[in-house]
There are 2 protein chains.
Amino acid sequence: MVTRQRGRPRSFDRLTALEQATMAFWEHGYETTSVSDLTRVMGISAPSLYAAFGDKKTLFEEVVEAYALSYGAYGGRALAEEATAREAVGRMLSEAAHLFTEAGHPRGCLMISAAINCSTPEVEEALRDRRNANLTLFEDRIRRDVESGGLPAGTDPRALARFSGAVLQGMSQQARDGATAEELTAVAEAAMRAWPEA
Amino acid sequence: MVTRQRGRPRSFDRLTALEQATMAFWEHGYETTSVSDLTRVMGISAPSLYAAFGDKKTLFEEVVEAYALSYGAYGGRALAEEATAREAVGRMLSEAAHLFTEAGHPRGCLMISAAINCSTPEVEEALRDRRNANLTLFEDRIRRDVESGGLPAGTDPRALARFSGAVLQGMSQQARDGATAEELTAVAEAAMRAWPEA
DNA sequence: CACGATCCGTAGCGAGCGCTATAGAATTCA
DNA sequence: TGAATTCTATAGCGCTCGCTACGGATCGTG
């Protein structure tokens, strides 16, 4: 049902503006990115922003959702496509080493770094919930391999998932602190040495 | 040379106020902790704060320095007191698992989480410089063991230092995301499995 | 064309920010 | 006791924050 639009059409591309907002939030975080920062990088005025995206918090939520489906989708892809939990996490960390440092967008991971110390608690908790949900996905995938014999019987799925998530979060901060793709790749490889032998 | 103080004496304890400022910055970060937050938790008025500590940025720098010498000294102690780099880092991660989660102060590490996304770039860089300086300390300690044969000849000191730092930073965020001391201890133990055999 | 609908830019709201001028209170020294 | 010194509290500065009222501009529809 495509309702023909009635009034004056929007003079900017909504997806482009969302992408530019993503870059701003990714680089500076939720709190530090002001609405006037956003209107400048998006090339629109404040009333246009509020009409198209709601308030700042709602815009950020849409940014996070879009990020999770694009830049942040590598983890889910690895979990879905690799045959074992070990291969999935190994691939995820390896890809993260490049994604966290490549040119064309800010360093690190938006979901990890963009709402660390936030005066709006709901925003901070929303990203925390996403991070913890991802941890549970790791844990479930690892447990499947433990139960099927792909990982040793004594393996603690929750501990191994937390370890992998901690390395990923640490890699994000190292990327923002200046680490190169090569250095992060070495971190990822070291982390996989901690995994039990298959 | 203790010069007798002349005018009206200060009506609050400077160290106590500094400690209370530390707790506030530790929990909420540099940016999110306002001067009025500080005056409330420190129990003093704004002019007293500015007279005793300078501006907000200077107060934060003093907080960070005091933190590094107290709560944050465990890493330096482990490096100084343990016989090998492996034992030092293992002890550091193990202690961090408890320090990052124990009651009586906020979770995680102030130097890791308090200035992530900061509108004052110098503050963000000051903590980044401290983190990177700590990485170099790890690296130097590891290199000593590689050169003395305590670690295998092929070991990359910089990579192993970055890995250890990444785990520490990840543990800090996991602590703030709700991980228990036991879970973080498991993360620390997993990390040490990545270290080469002595 | 006129009309309703929708979007745009200007301009500014109330609130909180970091910070400070000012004056009074409390102490030491002469 | 009086003067000099230093701290404290009130009160408010200029600024930026997130957000929006308003009027003009631009569209589809009749």
# chains A, B, ... in the order shown; residues from 1 in each chain; ligands from 1
>>> residues_around(residues="region 12-23 of chain C", least_positions_apart="3", cutoff="10 Å", atoms="only C-alpha atoms (C1' of nucleotides)", output="PyMOL selection string")
(chain B and resi 34-36+46-47+50+55-56) or (chain D and resi 9-21)
>>> calpha_fit_and_write(fixed="chain B", moving="chain A", output="PDB file with C-alpha atoms, in the first residue's frame")
ATOM      1  CA  MET A   1      58.763  24.312  55.311  1.00  0.00           C
ATOM      2  CA  VAL A   2      55.331  24.286  56.836  1.00  0.00           C
ATOM      3  CA  THR A   3      54.016  27.827  56.476  1.00  0.00           C
ATOM      4  CA  ARG A   4      51.475  28.576  59.150  1.00  0.00           C
ATOM      5  CA  GLN A   5      48.179  29.241  57.424  1.00  0.00           C
ATOM      6  CA  ARG A   6      46.904  32.745  57.779  1.00  0.00           C
ATOM      7  CA  GLY A   7      43.196  33.191  57.019  1.00  0.00           C
ATOM      8  CA  ARG A   8      40.091  31.177  57.696  1.00  0.00           C
ATOM      9  CA  PRO A   9      40.901  27.470  57.533  1.00  0.00           C
ATOM     10  CA  ARG A  10      39.243  25.152  55.042  1.00  0.00           C
ATOM     11  CA  SER A  11      36.077  23.668  56.514  1.00  0.00           C
ATOM     12  CA  PHE A  12      36.282  20.322  54.672  1.00  0.00           C
ATOM     13  CA  ASP A  13      38.877  17.603  54.331  1.00  0.00           C
ATOM     14  CA  ARG A  14      40.557  17.898  50.961  1.00  0.00           C
ATOM     15  CA  LEU A  15      41.432  14.213  50.625  1.00  0.00           C
ATOM     16  CA  THR A  16      37.932  13.120  51.565  1.00  0.00           C
ATOM     17  CA  ALA A  17      36.464  15.462  48.981  1.00  0.00           C
ATOM     18  CA  LEU A  18      38.908  14.143  46.380  1.00  0.00           C
ATOM     19  CA  GLU A  19      37.877  10.580  47.166  1.00  0.00           C
ATOM     20  CA  GLN A  20      34.220  11.481  46.755  1.00  0.00           C
ATOM     21  CA  ALA A  21      34.982  13.145  43.438  1.00  0.00           C
ATOM     22  CA  THR A  22      36.831   9.974  42.425  1.00  0.00           C
ATOM     23  CA  MET A  23      33.745   7.859  43.113  1.00  0.00           C
ATOM     24  CA  ALA A  24      31.554  10.187  41.062  1.00  0.00           C
ATOM     25  CA  PHE A  25      33.929  10.296  38.073  1.00  0.00           C
ATOM     26  CA  TRP A  26      34.501   6.531  38.339  1.00  0.00           C
ATOM     27  CA  GLU A  27      30.804   5.769  38.201  1.00  0.00           C
ATOM     28  CA  HIS A  28      29.572   8.311  35.662  1.00  0.00           C
ATOM     29  CA  GLY A  29      32.663   9.356  33.691  1.00  0.00           C
ATOM     30  CA  TYR A  30      34.221  12.778  33.169  1.00  0.00           C
ATOM     31  CA  GLU A  31      31.619  14.232  30.858  1.00  0.00           C
ATOM     32  CA  THR A  32      28.488  13.021  32.585  1.00  0.00           C
ATOM     33  CA  THR A  33      29.623  14.137  36.044  1.00  0.00           C
ATOM     34  CA  SER A  34      28.622  17.800  36.272  1.00  0.00           C
ATOM     35  CA  VAL A  35      30.161  20.340  38.589  1.00  0.00           C
ATOM     36  CA  SER A  36      26.888  20.479  40.489  1.00  0.00           C
ATOM     37  CA  ASP A  37      27.038  16.679  40.860  1.00  0.00           C
ATOM     38  CA  LEU A  38      30.545  17.101  42.233  1.00  0.00           C
ATOM     39  CA  THR A  39      29.653  19.839  44.705  1.00  0.00           C
ATOM     40  CA  ARG A  40      26.772  17.700  45.981  1.00  0.00           C
ATOM     41  CA  VAL A  41      28.780  14.507  46.580  1.00  0.00           C
ATOM     42  CA  MET A  42      31.771  16.451  47.907  1.00  0.00           C
ATOM     43  CA  GLY A  43      29.552  18.444  50.240  1.00  0.00           C
ATOM     44  CA  ILE A  44      31.040  21.786  49.255  1.00  0.00           C
ATOM     45  CA  SER A  45      29.992  24.749  47.143  1.00  0.00           C
ATOM     46  CA  ALA A  46      31.282  25.512  43.682  1.00  0.00           C
ATOM     47  CA  PRO A  47      33.634  28.339  44.729  1.00  0.00           C
ATOM     48  CA  SER A  48      35.210  26.062  47.347  1.00  0.00           C
ATOM     49  CA  LEU A  49      35.732  23.384  44.733  1.00  0.00           C
ATOM     50  CA  TYR A  50      37.374  25.821  42.334  1.00  0.00           C
ATOM     51  CA  ALA A  51      39.574  27.291  45.054  1.00  0.00           C
ATOM     52  CA  ALA A  52      40.770  23.902  46.262  1.00  0.00           C
ATOM     53  CA  PHE A  53      41.073  21.979  42.990  1.00  0.00           C
ATOM     54  CA  GLY A  54      41.048  24.405  40.075  1.00  0.00           C
ATOM     55  CA  ASP A  55      38.589  23.772  37.286  1.00  0.00           C
ATOM     56  CA  LYS A  56      36.778  20.514  36.515  1.00  0.00           C
ATOM     57  CA  LYS A  57      39.500  19.267  34.176  1.00  0.00           C
ATOM     58  CA  THR A  58      42.263  19.869  36.716  1.00  0.00           C
ATOM     59  CA  LEU A  59      40.231  18.128  39.421  1.00  0.00           C
ATOM     60  CA  PHE A  60      39.776  15.151  37.114  1.00  0.00           C
ATOM     61  CA  GLU A  61      43.510  14.986  36.422  1.00  0.00           C
ATOM     62  CA  GLU A  62      44.192  14.919  40.159  1.00  0.00           C
ATOM     63  CA  VAL A  63      41.538  12.225  40.574  1.00  0.00           C
ATOM     64  CA  VAL A  64      43.166  10.116  37.854  1.00  0.00           C
ATOM     65  CA  GLU A  65      46.613  10.534  39.389  1.00  0.00           C
ATOM     66  CA  ALA A  66      45.339   9.538  42.843  1.00  0.00           C
ATOM     67  CA  TYR A  67      43.441   6.618  41.327  1.00  0.00           C
ATOM     68  CA  ALA A  68      46.549   5.398  39.528  1.00  0.00           C
ATOM     69  CA  LEU A  69      48.448   5.408  42.837  1.00  0.00           C
ATOM     70  CA  SER A  70      45.738   3.605  44.815  1.00  0.00           C
ATOM     71  CA  TYR A  71      43.038   1.561  43.107  1.00  0.00           C
ATOM     72  CA  GLY A  72      45.043   1.355  39.893  1.00  0.00           C
ATOM     73  CA  ALA A  73      48.372   0.373  41.443  1.00  0.00           C
ATOM     74  CA  TYR A  74      47.751  -3.385  41.353  1.00  0.00           C
ATOM     75  CA  GLY A  75      49.180  -3.702  37.852  1.00  0.00           C
ATOM     76  CA  GLY A  76      52.443  -2.020  38.707  1.00  0.00           C
ATOM     77  CA  ARG A  77      52.720  -4.060  41.892  1.00  0.00           C
ATOM     78  CA  ALA A  78      52.262  -7.307  39.967  1.00  0.00           C
ATOM     79  CA  LEU A  79      54.872  -6.276  37.406  1.00  0.00           C
ATOM     80  CA  ALA A  80      57.312  -5.306  40.150  1.00  0.00           C
ATOM     81  CA  GLU A  81      56.830  -8.241  42.484  1.00  0.00           C
ATOM     82  CA  GLU A  82      56.296 -11.289  40.282  1.00  0.00           C
ATOM     83  CA  ALA A  83      59.233 -13.231  38.925  1.00  0.00           C
ATOM     84  CA  THR A  84      57.961 -13.603  35.362  1.00  0.00           C
ATOM     85  CA  ALA A  85      55.853 -11.609  32.927  1.00  0.00           C
ATOM     86  CA  ARG A  86      53.409 -14.483  32.790  1.00  0.00           C
ATOM     87  CA  GLU A  87      52.951 -14.543  36.557  1.00  0.00           C
ATOM     88  CA  ALA A  88      52.689 -10.759  36.653  1.00  0.00           C
ATOM     89  CA  VAL A  89      49.963 -10.541  34.011  1.00  0.00           C
ATOM     90  CA  GLY A  90      48.181 -13.574  35.436  1.00  0.00           C
ATOM     91  CA  ARG A  91      48.110 -11.980  38.865  1.00  0.00           C
ATOM     92  CA  MET A  92      47.060  -8.632  37.442  1.00  0.00           C
ATOM     93  CA  LEU A  93      44.091 -10.098  35.565  1.00  0.00           C
ATOM     94  CA  SER A  94      43.119 -12.211  38.553  1.00  0.00           C
ATOM     95  CA  GLU A  95      43.164  -9.229  40.888  1.00  0.00           C
ATOM     96  CA  ALA A  96      41.318  -7.117  38.342  1.00  0.00           C
ATOM     97  CA  ALA A  97      38.505  -9.666  38.295  1.00  0.00           C
ATOM     98  CA  HIS A  98      37.908  -8.890  41.964  1.00  0.00           C
ATOM     99  CA  LEU A  99      38.710  -5.174  41.947  1.00  0.00           C
ATOM    100  CA  PHE A 100      36.381  -4.530  39.022  1.00  0.00           C
ATOM    101  CA  THR A 101      33.423  -6.078  40.823  1.00  0.00           C
ATOM    102  CA  GLU A 102      33.966  -5.588  44.544  1.00  0.00           C
ATOM    103  CA  ALA A 103      31.568  -3.558  46.673  1.00  0.00           C
ATOM    104  CA  GLY A 104      32.430  -0.118  48.065  1.00  0.00           C
ATOM    105  CA  HIS A 105      33.241   1.554  44.755  1.00  0.00           C
ATOM    106  CA  PRO A 106      31.955   1.637  41.163  1.00  0.00           C
ATOM    107  CA  ARG A 107      32.571  -1.262  38.818  1.00  0.00           C
ATOM    108  CA  GLY A 108      35.315  -1.552  36.237  1.00  0.00           C
ATOM    109  CA  CYS A 109      38.356   0.676  35.861  1.00  0.00           C
ATOM    110  CA  LEU A 110      38.215   4.461  35.916  1.00  0.00           C
ATOM    111  CA  MET A 111      41.193   4.832  33.594  1.00  0.00           C
ATOM    112  CA  ILE A 112      39.516   2.580  31.046  1.00  0.00           C
ATOM    113  CA  SER A 113      35.940   3.817  31.136  1.00  0.00           C
ATOM    114  CA  ALA A 114      35.777   7.360  32.507  1.00  0.00           C
ATOM    115  CA  ALA A 115      36.814   9.297  29.392  1.00  0.00           C
ATOM    116  CA  ILE A 116      35.680   7.246  26.406  1.00  0.00           C
ATOM    117  CA  ASN A 117      33.607   9.812  24.514  1.00  0.00           C
ATOM    118  CA  CYS A 118      34.611  13.172  25.750  1.00  0.00           C
ATOM    119  CA  SER A 119      33.922  16.659  24.419  1.00  0.00           C
ATOM    120  CA  THR A 120      37.266  17.775  25.870  1.00  0.00           C
ATOM    121  CA  PRO A 121      39.778  15.956  23.651  1.00  0.00           C
ATOM    122  CA  GLU A 122      42.708  16.545  25.999  1.00  0.00           C
ATOM    123  CA  VAL A 123      40.988  14.599  28.775  1.00  0.00           C
ATOM    124  CA  GLU A 124      40.268  11.698  26.458  1.00  0.00           C
ATOM    125  CA  GLU A 125      43.854  11.705  25.227  1.00  0.00           C
ATOM    126  CA  ALA A 126      45.306  11.899  28.706  1.00  0.00           C
ATOM    127  CA  LEU A 127      43.691   8.605  29.664  1.00  0.00           C
ATOM    128  CA  ARG A 128      44.488   7.081  26.279  1.00  0.00           C
ATOM    129  CA  ASP A 129      48.136   7.986  26.842  1.00  0.00           C
ATOM    130  CA  ARG A 130      48.058   6.320  30.251  1.00  0.00           C
ATOM    131  CA  ARG A 131      46.531   3.166  28.780  1.00  0.00           C
ATOM    132  CA  ASN A 132      49.099   3.040  25.997  1.00  0.00           C
ATOM    133  CA  ALA A 133      51.908   3.689  28.467  1.00  0.00           C
ATOM    134  CA  ASN A 134      50.734   0.706  30.500  1.00  0.00           C
ATOM    135  CA  LEU A 135      50.740  -1.395  27.340  1.00  0.00           C
ATOM    136  CA  THR A 136      54.370  -0.434  26.798  1.00  0.00           C
ATOM    137  CA  LEU A 137      55.183  -1.510  30.359  1.00  0.00           C
ATOM    138  CA  PHE A 138      53.643  -4.927  29.642  1.00  0.00           C
ATOM    139  CA  GLU A 139      55.538  -5.128  26.366  1.00  0.00           C
ATOM    140  CA  ASP A 140      58.890  -4.303  27.961  1.00  0.00           C
ATOM    141  CA  ARG A 141      58.355  -6.834  30.744  1.00  0.00           C
ATOM    142  CA  ILE A 142      57.417  -9.539  28.238  1.00  0.00           C
ATOM    143  CA  ARG A 143      60.407  -8.721  26.041  1.00  0.00           C
ATOM    144  CA  ARG A 144      62.742  -9.141  28.997  1.00  0.00           C
ATOM    145  CA  ASP A 145      61.402 -12.666  29.510  1.00  0.00           C
ATOM    146  CA  VAL A 146      61.678 -13.469  25.819  1.00  0.00           C
ATOM    147  CA  GLU A 147      65.288 -12.299  25.769  1.00  0.00           C
ATOM    148  CA  SER A 148      66.139 -14.202  28.941  1.00  0.00           C
ATOM    149  CA  GLY A 149      64.531 -17.361  27.635  1.00  0.00           C
ATOM    150  CA  GLY A 150      61.599 -17.282  30.056  1.00  0.00           C
ATOM    151  CA  LEU A 151      59.265 -17.119  27.079  1.00  0.00           C
ATOM    152  CA  PRO A 152      59.712 -18.833  23.683  1.00  0.00           C
ATOM    153  CA  ALA A 153      61.963 -17.063  21.195  1.00  0.00           C
ATOM    154  CA  GLY A 154      59.198 -16.570  18.635  1.00  0.00           C
ATOM    155  CA  THR A 155      56.953 -14.661  21.052  1.00  0.00           C
ATOM    156  CA  ASP A 156      55.859 -11.198  19.862  1.00  0.00           C
ATOM    157  CA  PRO A 157      56.044  -8.989  22.989  1.00  0.00           C
ATOM    158  CA  ARG A 158      53.934  -6.224  21.522  1.00  0.00           C
ATOM    159  CA  ALA A 159      51.177  -8.576  20.402  1.00  0.00           C
ATOM    160  CA  LEU A 160      51.058 -10.393  23.730  1.00  0.00           C
ATOM    161  CA  ALA A 161      50.982  -7.069  25.577  1.00  0.00           C
ATOM    162  CA  ARG A 162      48.132  -5.786  23.396  1.00  0.00           C
ATOM    163  CA  PHE A 163      46.234  -9.016  23.930  1.00  0.00           C
ATOM    164  CA  SER A 164      46.618  -8.754  27.695  1.00  0.00           C
ATOM    165  CA  GLY A 165      45.554  -5.118  27.668  1.00  0.00           C
ATOM    166  CA  ALA A 166      42.566  -5.894  25.475  1.00  0.00           C
ATOM    167  CA  VAL A 167      41.428  -8.589  27.906  1.00  0.00           C
ATOM    168  CA  LEU A 168      41.826  -6.186  30.815  1.00  0.00           C
ATOM    169  CA  GLN A 169      39.797  -3.505  29.049  1.00  0.00           C
ATOM    170  CA  GLY A 170      37.186  -6.046  28.041  1.00  0.00           C
ATOM    171  CA  MET A 171      36.951  -7.253  31.640  1.00  0.00           C
ATOM    172  CA  SER A 172      36.342  -3.667  32.768  1.00  0.00           C
ATOM    173  CA  GLN A 173      33.433  -3.268  30.396  1.00  0.00           C
ATOM    174  CA  GLN A 174      32.057  -6.709  31.255  1.00  0.00           C
ATOM    175  CA  ALA A 175      32.174  -5.708  34.913  1.00  0.00           C
ATOM    176  CA  ARG A 176      30.168  -2.593  34.139  1.00  0.00           C
ATOM    177  CA  ASP A 177      27.802  -4.732  32.075  1.00  0.00           C
ATOM    178  CA  GLY A 178      27.114  -6.932  35.085  1.00  0.00           C
ATOM    179  CA  ALA A 179      29.672  -9.750  35.091  1.00  0.00           C
ATOM    180  CA  THR A 180      30.445 -11.365  38.471  1.00  0.00           C
ATOM    181  CA  ALA A 181      33.903 -11.785  40.002  1.00  0.00           C
ATOM    182  CA  GLU A 182      33.709 -15.503  39.233  1.00  0.00           C
ATOM    183  CA  GLU A 183      32.902 -14.881  35.576  1.00  0.00           C
ATOM    184  CA  LEU A 184      35.744 -12.372  35.243  1.00  0.00           C
ATOM    185  CA  THR A 185      38.115 -14.793  36.949  1.00  0.00           C
ATOM    186  CA  ALA A 186      37.194 -17.368  34.325  1.00  0.00           C
ATOM    187  CA  VAL A 187      37.928 -14.759  31.639  1.00  0.00           C
ATOM    188  CA  ALA A 188      41.322 -14.062  33.204  1.00  0.00           C
ATOM    189  CA  GLU A 189      42.142 -17.768  33.360  1.00  0.00           C
ATOM    190  CA  ALA A 190      41.116 -18.237  29.749  1.00  0.00           C
ATOM    191  CA  ALA A 191      43.376 -15.370  28.727  1.00  0.00           C
ATOM    192  CA  MET A 192      46.349 -16.994  30.387  1.00  0.00           C
ATOM    193  CA  ARG A 193      45.775 -20.132  28.312  1.00  0.00           C
ATOM    194  CA  ALA A 194      46.671 -18.008  25.305  1.00  0.00           C
ATOM    195  CA  TRP A 195      50.127 -17.372  26.710  1.00  0.00           C
ATOM    196  CA  PRO A 196      52.889 -19.565  25.334  1.00  0.00           C
ATOM    197  CA  GLU A 197      54.168 -22.381  27.529  1.00  0.00           C
ATOM    198  CA  ALA A 198      57.058 -21.343  29.712  1.00  0.00           C
TER     199      ALA A 198
END
>>> interface_residues(of="chain D", to="chain A", cutoff="7 Å", atoms="only C-alpha atoms (C1' of nucleotides)", output="list in words")
DT26, DC27 and DG28 of chain D
>>> write_last_selection(atoms="N, CA and C atoms (P, O5', C5', C4', C3', O3' and C1' of nucleotides)", output="tab-separated table (two decimals), in the first residue's frame")
chain	number	residue	atom	x	y	z
D	26	DT	P	9.86	27.50	-3.12
D	26	DT	O5'	9.10	26.10	-3.15
D	26	DT	C5'	9.64	24.99	-2.45
D	26	DT	C4'	8.66	23.83	-2.48
D	26	DT	C3'	8.10	23.50	-3.86
D	26	DT	O3'	8.20	22.11	-4.08
D	26	DT	C1'	6.37	23.66	-2.29
D	27	DC	P	8.34	21.51	-5.57
D	27	DC	O5'	6.95	20.70	-5.70
D	27	DC	C5'	6.90	19.34	-5.36
D	27	DC	C4'	5.62	19.01	-4.60
D	27	DC	C3'	4.40	18.66	-5.46
D	27	DC	O3'	4.49	17.32	-5.89
D	27	DC	C1'	3.83	19.88	-3.44
D	28	DG	P	3.68	16.77	-7.08
D	28	DG	O5'	2.29	16.38	-6.41
D	28	DG	C5'	2.17	15.20	-5.64
D	28	DG	C4'	0.79	15.12	-4.99
D	28	DG	C3'	-0.34	14.78	-5.96
D	28	DG	O3'	-1.27	13.91	-5.33
D	28	DG	C1'	-0.73	16.93	-4.97
>>> interface_residues(of="chain C", to="chain A", cutoff="6 Å", atoms="only C-alpha atoms (C1' of nucleotides)", output="PyMOL selection string")
chain C and resi 5-7
>>> residues_around(residues="DG24 (chain D)", least_positions_apart="2", cutoff="10 Å", atoms="only C-alpha atoms (C1' of nucleotides)", output="list in words")
DC8 and DG9 of chain C; DC22 and DT26 of chain D
>>> select_by_dssp(residues="region 65-149 of chain B", states="alpha helix (DSSP H)", output="PyMOL selection string")
chain B and resi 65-69+74-81+85-99+110-113+121-148
>>> write_last_selection(atoms="C-alpha atoms", output="short mmCIF file (atom, residue, chain, number, x, y, z; two decimals), in the first residue's frame")
data_model
loop_
_atom_site.label_atom_id
_atom_site.label_comp_id
_atom_site.auth_asym_id
_atom_site.auth_seq_id
_atom_site.Cartn_x
_atom_site.Cartn_y
_atom_site.Cartn_z
CA GLU B 65 46.59 10.52 39.38
CA ALA B 66 45.32 9.54 42.83
CA TYR B 67 43.41 6.61 41.32
CA ALA B 68 46.52 5.39 39.53
CA LEU B 69 48.42 5.39 42.83
CA TYR B 74 47.73 -3.37 41.37
CA GLY B 75 49.16 -3.69 37.87
CA GLY B 76 52.42 -1.99 38.72
CA ARG B 77 52.70 -4.03 41.90
CA ALA B 78 52.25 -7.28 39.98
CA LEU B 79 54.87 -6.25 37.42
CA ALA B 80 57.30 -5.26 40.17
CA GLU B 81 56.81 -8.19 42.49
CA ALA B 85 55.86 -11.57 32.94
CA ARG B 86 53.43 -14.45 32.82
CA GLU B 87 52.96 -14.51 36.58
CA ALA B 88 52.69 -10.73 36.67
CA VAL B 89 49.98 -10.53 34.03
CA GLY B 90 48.19 -13.56 35.46
CA ARG B 91 48.11 -11.97 38.89
CA MET B 92 47.05 -8.62 37.45
CA LEU B 93 44.09 -10.11 35.58
CA SER B 94 43.12 -12.22 38.57
CA GLU B 95 43.15 -9.23 40.90
CA ALA B 96 41.30 -7.12 38.34
CA ALA B 97 38.50 -9.68 38.30
CA HIS B 98 37.89 -8.91 41.98
CA LEU B 99 38.69 -5.19 41.96
CA LEU B 110 38.19 4.46 35.92
CA MET B 111 41.16 4.83 33.59
CA ILE B 112 39.49 2.56 31.05
CA SER B 113 35.91 3.80 31.13
CA PRO B 121 39.76 15.93 23.63
CA GLU B 122 42.70 16.53 25.98
CA VAL B 123 40.97 14.60 28.76
CA GLU B 124 40.25 11.69 26.44
CA GLU B 125 43.84 11.69 25.21
CA ALA B 126 45.28 11.90 28.70
CA LEU B 127 43.67 8.59 29.64
CA ARG B 128 44.47 7.08 26.27
CA ASP B 129 48.12 7.99 26.83
CA ARG B 130 48.04 6.31 30.24
CA ARG B 131 46.52 3.16 28.77
CA ASN B 132 49.08 3.04 25.99
CA ALA B 133 51.89 3.71 28.47
CA ASN B 134 50.71 0.72 30.51
CA LEU B 135 50.72 -1.39 27.35
CA THR B 136 54.35 -0.42 26.81
CA LEU B 137 55.17 -1.49 30.37
CA PHE B 138 53.63 -4.91 29.65
CA GLU B 139 55.53 -5.10 26.39
CA ASP B 140 58.87 -4.26 27.98
CA ARG B 141 58.36 -6.79 30.75
CA ILE B 142 57.42 -9.49 28.25
CA ARG B 143 60.41 -8.67 26.06
CA ARG B 144 62.73 -9.09 29.01
CA ASP B 145 61.41 -12.61 29.52
CA VAL B 146 61.69 -13.41 25.83
CA GLU B 147 65.31 -12.24 25.78
CA SER B 148 66.16 -14.13 28.94
#
>>> atom_distance(atom1="C1' of DT28 (chain C)", atom2="C1' of DT8 (chain D)")
17.7 Å
>>> atom_distance(atom1="C1' of DA3 (chain D)", atom2="C1' of DA25 (chain C)")
15.5 Å
